[in-house]
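Below you'll find the structure, written out as structure tokens, and then a few comments.
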Amino acid sequence: MLLKDIRDYQILFLSLFLVLGIGTRDWTLRPELIGVAIATSLATQWILSLVIGYWSLANNKEQSPNLRSALITSLGLSLLLRADHWTTMAIAAALAIASKFIFQVGDKHFFNPANFGIISALILTPDAWVSPGQWGEEWWYGLLFLGTGGMILQRIGRWDTTAAFLGSYSLLEAIRNLWLGWTWDVYWHRLMSGSLLLFALFMITDPRSIPNSRIGRVVWAICIAGLTFILRNYFFVSTAVFWALFALAPLSILLDVLWLAPRFAWQEKDREAGEELLTQHS
């Protein structure tokens with residue numbers, strides 16, 4: 001039976017990745033931290049939706065808790081963020097969800113929630129870390145991520161973002177590899193990372209926080225790839241992709257102004273309403 005909402009597939013696939021990571025990569029994940037991430041994300045989403053709901057009702061707008069989004073964020077945090085104490089995971093989850101309500105322009109949030117939670121935990125707590133190499137370099141992980149991620153991206157129409165990021169980043173790494181005279185084994189070693197594919201397929205493509213227009217998304221993804229390359233190779237930041245996305249997230253606001261396009265909506269009726277509204281203002 002096919003699931004009606006593409007976010008249900010995201011939840012299914014991210015849950016599968018979590019089980020695979022624990023079962024095949026010997027991750028030392030504590031189940032209680034996963035529970036804290038999920039419970040905190042859902043509770044924060046519910047509470048803030050109720051608070052915003054009072055304002056929405058006063059303006060004749062319907063506001064309902066987006067629990068699917070909160071669950072996706074919590075699974076993303078569980079996959080990527082590591083911590084010694086449950087309070088660190090709770091802080092990351094609460095701030096991740098709160099960022100959607102706080103950092104908005106034109107009724108659109110511009111920070112990726114999971115990414116915001118990860119960076120917040122790294123900055124604010126002493127025991128948070130991210131392990132970019134946790135998936136190793138086994139080829140079948142890459143095929144799994146490409147297959148599942150490709151299915152979702154085909155449905156939401158955001159392949160351009162992944163292609164622009166991976167294409168420009170791999171090109172920069174190839175130029176550097178040639179310049180330094182390294183063998184191509186080194187090049188493929190730097191690219192064949194499960195965490196890099198997860199980032200490119202599931203995080204940088206979040207349709208609610210990236211530029212609305214195709215050209216805006218391509219420019220944005222290329223900028224993130226460039227900053228990632230600089231941070232990784234010249235400042236030796238192992239978590240460069242997450243810092244690059246965090247730093248350049250506000251750029252999507254400018255790109256939306258430069259190139260107008262309908263805002264993405266998960267439901268078809270909301271998407272059609274957005275297109276009609278854009279037509280009226282153009």
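Following the order of the structure tokens, chains are lettered A, B, ..., residues in each are numbered from 1, and ligands are numbered from 1.
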According to DSSP computed on the backbone, where in range 22-230 of chain A is there helix (DSSP H, G or I)? Give the residues as number ranges by chain.
A: 22-24, 31-58, 67-80, 86-102, 113-124, 139-156, 159-180, 184-191, 194-203, 214-230
Quick one: residues within 9 Å of Ile215 in chain A, only C-alpha atoms, excluding same-chain residues fewer than 4 positions away - as a count of residues only?
6
Just want the 8 Å neighbourhood of Phe202 in chain A, counted on only C-alpha atoms, with same-chain residues fewer than 4 positions away dropped. Output as a compact mmCIF listing (two decimals) with N, CA and C atoms, in the first residue's frame.
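Below you can see selection-v1.txt, which holds the result:
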```
# COMPACT_ATOMS: atom_id res chain seq x y z
N GLY A 149 16.81 8.20 -1.32
CA GLY A 149 16.81 9.65 -1.48
C GLY A 149 16.30 10.06 -2.85
N LEU A 198 24.08 11.35 2.72
CA LEU A 198 22.90 11.64 3.54
C LEU A 198 22.63 13.13 3.59
N ASP A 206 15.85 19.93 1.96
CA ASP A 206 14.61 20.21 2.69
C ASP A 206 13.82 21.29 1.94
```
Determine, for each residue of range 159-213 of chain A having at least one atom at most 12 Å from an atom of range 79-88 of chain A, the closest pair of atoms and their separation in Å to one decimal, counting only C-alpha atoms; order by chain and ascending number, as a tab-separated table.
```
residue	atom	partner	partner_atom	distance
A:Gly194	CA	A:Leu80	CA	11.3
A:Ser195	CA	A:Leu80	CA	8.4
A:Leu196	CA	A:Leu80	CA	11.3
A:Leu198	CA	A:Leu80	CA	9.7
A:Phe199	CA	A:Leu80	CA	9.8
A:Phe202	CA	A:Leu79	CA	11.6
A:Met203	CA	A:Leu80	CA	11.0
```
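Atom to atom, CA of Arg263 in chain A and CA of His109 in chain A stand 11.2 Å apart.
Nearest residue to Asn112 in chain A, choosing from A:Phe17, A:Tyr234, A:Trp139, A:Phe242 and counting only C-alpha atoms: A:Phe242.
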May I ask for the distance between CA of Phe13 in chain A and CA of Thr148 in chain A, given in Å to one decimal place?
6.9 Å
Would you mind listing what lies within 9 Å of range 120-125 of chain A as a PyMOL selection string, with only C-alpha atoms counted and same-chain residues fewer than 5 positions away left out?
chain A and resi 81+83+88-89+91-92+95-96+115+130
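With distances restricted to only C-alpha atoms, A:Ile224 is the closest residue to Leu166 in chain A from A:Ile224, A:Ala114, A:Leu143, A:Leu251.
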Find the residues near Arg214 in chain A: any atom within 12 Å, counting only C-alpha atoms, skip ones fewer than 2 places away on the same chain, and give them as a PDB file with N, CA and C atoms, in the first residue's frame.
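Done, and the output landed in part_27.pdb:
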```pdb
ATOM      1  N   GLY A 157      10.693  17.073  -6.410  1.00  0.00           N
ATOM      2  CA  GLY A 157      11.296  17.890  -7.445  1.00  0.00           C
ATOM      3  C   GLY A 157      12.489  18.708  -7.002  1.00  0.00           C
ATOM      4  N   ARG A 158      13.384  18.128  -6.222  1.00  0.00           N
ATOM      5  CA  ARG A 158      14.546  18.868  -5.734  1.00  0.00           C
ATOM      6  C   ARG A 158      15.860  18.196  -6.093  1.00  0.00           C
ATOM      7  N   TRP A 159      15.879  17.431  -7.187  1.00  0.00           N
ATOM      8  CA  TRP A 159      17.113  16.799  -7.639  1.00  0.00           C
ATOM      9  C   TRP A 159      18.170  17.834  -8.000  1.00  0.00           C
ATOM     10  N   ASP A 160      17.711  19.015  -8.473  1.00  0.00           N
ATOM     11  CA  ASP A 160      18.658  20.035  -8.900  1.00  0.00           C
ATOM     12  C   ASP A 160      19.587  20.460  -7.777  1.00  0.00           C
ATOM     13  N   THR A 161      19.062  20.511  -6.549  1.00  0.00           N
ATOM     14  CA  THR A 161      19.870  20.933  -5.406  1.00  0.00           C
ATOM     15  C   THR A 161      20.979  19.928  -5.105  1.00  0.00           C
ATOM     16  N   THR A 162      20.617  18.657  -5.066  1.00  0.00           N
ATOM     17  CA  THR A 162      21.612  17.614  -4.821  1.00  0.00           C
ATOM     18  C   THR A 162      22.658  17.572  -5.929  1.00  0.00           C
ATOM     19  N   ALA A 163      22.203  17.654  -7.185  1.00  0.00           N
ATOM     20  CA  ALA A 163      23.119  17.593  -8.319  1.00  0.00           C
ATOM     21  C   ALA A 163      24.091  18.770  -8.305  1.00  0.00           C
ATOM     22  N   ALA A 164      23.584  19.965  -7.999  1.00  0.00           N
ATOM     23  CA  ALA A 164      24.446  21.147  -7.972  1.00  0.00           C
ATOM     24  C   ALA A 164      25.477  21.048  -6.853  1.00  0.00           C
ATOM     25  N   THR A 205      18.294  19.291   0.893  1.00  0.00           N
ATOM     26  CA  THR A 205      17.151  19.326  -0.019  1.00  0.00           C
ATOM     27  C   THR A 205      15.824  19.584   0.685  1.00  0.00           C
ATOM     28  N   PRO A 207      12.693  20.967   1.329  1.00  0.00           N
ATOM     29  CA  PRO A 207      12.019  21.922   0.433  1.00  0.00           C
ATOM     30  C   PRO A 207      11.410  23.122   1.136  1.00  0.00           C
ATOM     31  N   ILE A 210      14.821  25.822   1.748  1.00  0.00           N
ATOM     32  CA  ILE A 210      15.764  26.169   0.696  1.00  0.00           C
ATOM     33  C   ILE A 210      15.088  27.131  -0.286  1.00  0.00           C
ATOM     34  N   PRO A 211      15.838  27.766  -1.198  1.00  0.00           N
ATOM     35  CA  PRO A 211      15.225  28.702  -2.146  1.00  0.00           C
ATOM     36  C   PRO A 211      14.092  28.065  -2.943  1.00  0.00           C
ATOM     37  N   ASN A 212      13.099  28.870  -3.288  1.00  0.00           N
ATOM     38  CA  ASN A 212      11.919  28.358  -3.990  1.00  0.00           C
ATOM     39  C   ASN A 212      12.182  28.102  -5.468  1.00  0.00           C
ATOM     40  N   GLY A 216      17.701  29.657  -8.022  1.00  0.00           N
ATOM     41  CA  GLY A 216      18.107  30.015  -6.670  1.00  0.00           C
ATOM     42  C   GLY A 216      18.688  28.827  -5.925  1.00  0.00           C
ATOM     43  N   ARG A 217      18.069  27.666  -6.086  1.00  0.00           N
ATOM     44  CA  ARG A 217      18.561  26.459  -5.407  1.00  0.00           C
ATOM     45  C   ARG A 217      19.927  26.049  -5.935  1.00  0.00           C
ATOM     46  N   VAL A 218      20.124  26.166  -7.243  1.00  0.00           N
ATOM     47  CA  VAL A 218      21.413  25.798  -7.837  1.00  0.00           C
ATOM     48  C   VAL A 218      22.523  26.726  -7.339  1.00  0.00           C
ATOM     49  N   VAL A 219      22.265  28.030  -7.355  1.00  0.00           N
ATOM     50  CA  VAL A 219      23.259  29.000  -6.863  1.00  0.00           C
ATOM     51  C   VAL A 219      23.568  28.738  -5.396  1.00  0.00           C
ATOM     52  N   TRP A 220      22.533  28.500  -4.613  1.00  0.00           N
ATOM     53  CA  TRP A 220      22.661  28.259  -3.173  1.00  0.00           C
ATOM     54  C   TRP A 220      23.489  27.010  -2.901  1.00  0.00           C
ATOM     55  N   ALA A 221      23.189  25.921  -3.622  1.00  0.00           N
ATOM     56  CA  ALA A 221      23.909  24.661  -3.421  1.00  0.00           C
ATOM     57  C   ALA A 221      25.375  24.787  -3.803  1.00  0.00           C
ATOM     58  N   SER A 252      19.192  32.108   1.392  1.00  0.00           N
ATOM     59  CA  SER A 252      17.975  31.707   0.677  1.00  0.00           C
ATOM     60  C   SER A 252      16.942  32.828   0.651  1.00  0.00           C
ATOM     61  N   LEU A 255      17.888  35.050  -2.273  1.00  0.00           N
ATOM     62  CA  LEU A 255      17.653  34.354  -3.539  1.00  0.00           C
ATOM     63  C   LEU A 255      16.163  34.272  -3.862  1.00  0.00           C
ATOM     64  N   ASP A 256      15.325  34.169  -2.837  1.00  0.00           N
ATOM     65  CA  ASP A 256      13.878  34.175  -3.060  1.00  0.00           C
ATOM     66  C   ASP A 256      13.392  35.532  -3.547  1.00  0.00           C
ATOM     67  N   LEU A 258      15.377  37.627  -5.357  1.00  0.00           N
ATOM     68  CA  LEU A 258      15.909  37.799  -6.697  1.00  0.00           C
ATOM     69  C   LEU A 258      15.147  36.993  -7.736  1.00  0.00           C
ATOM     70  N   TRP A 259      14.774  35.772  -7.373  1.00  0.00           N
ATOM     71  CA  TRP A 259      14.051  34.903  -8.310  1.00  0.00           C
ATOM     72  C   TRP A 259      12.771  34.401  -7.640  1.00  0.00           C
ATOM     73  N   LEU A 260      11.647  34.986  -8.021  1.00  0.00           N
ATOM     74  CA  LEU A 260      10.366  34.629  -7.440  1.00  0.00           C
ATOM     75  C   LEU A 260       9.899  33.268  -7.946  1.00  0.00           C
ATOM     76  N   ALA A 261       9.324  32.491  -7.048  1.00  0.00           N
ATOM     77  CA  ALA A 261       8.758  31.189  -7.401  1.00  0.00           C
ATOM     78  C   ALA A 261       7.796  30.789  -6.285  1.00  0.00           C
ATOM     79  N   PRO A 262       6.815  29.933  -6.575  1.00  0.00           N
ATOM     80  CA  PRO A 262       5.881  29.496  -5.537  1.00  0.00           C
ATOM     81  C   PRO A 262       6.602  28.778  -4.406  1.00  0.00           C
ATOM     82  N   ARG A 263       6.152  29.017  -3.193  1.00  0.00           N
ATOM     83  CA  ARG A 263       6.712  28.323  -2.041  1.00  0.00           C
ATOM     84  C   ARG A 263       6.255  26.869  -2.049  1.00  0.00           C
ATOM     85  N   PHE A 264       7.160  25.967  -1.681  1.00  0.00           N
ATOM     86  CA  PHE A 264       6.821  24.547  -1.673  1.00  0.00           C
ATOM     87  C   PHE A 264       5.766  24.252  -0.611  1.00  0.00           C
TER      88      PHE A 264
END
```
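Taking CA of Leu191 in chain A and CA of Gly226 in chain A as the two end points, the separation is 14.6 Å.
Among the candidates A:Thr44, A:Asp127, A:Phe111, A:Trp135, the residue lying nearest to Ala94 in chain A is A:Thr44 (atoms considered: only C-alpha atoms).
The smallest atom-to-atom distance between Gly35 in chain A and any of A:Leu201, A:Arg232, A:Ile6, A:Ala93, using only C-alpha atoms, is found for A:Ala93.
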Would you list, as a PyMOL selection string, the residues of range 29-262 of chain A that end up in strand (DSSP E) under DSSP run on this structure's backbone?
chain A and resi 81-83+128-130
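The closest residue to Phe103 in chain A, picked from A:Leu180, A:Ala249, A:Leu172, A:Ile222 and counting only C-alpha atoms, is A:Ala249.
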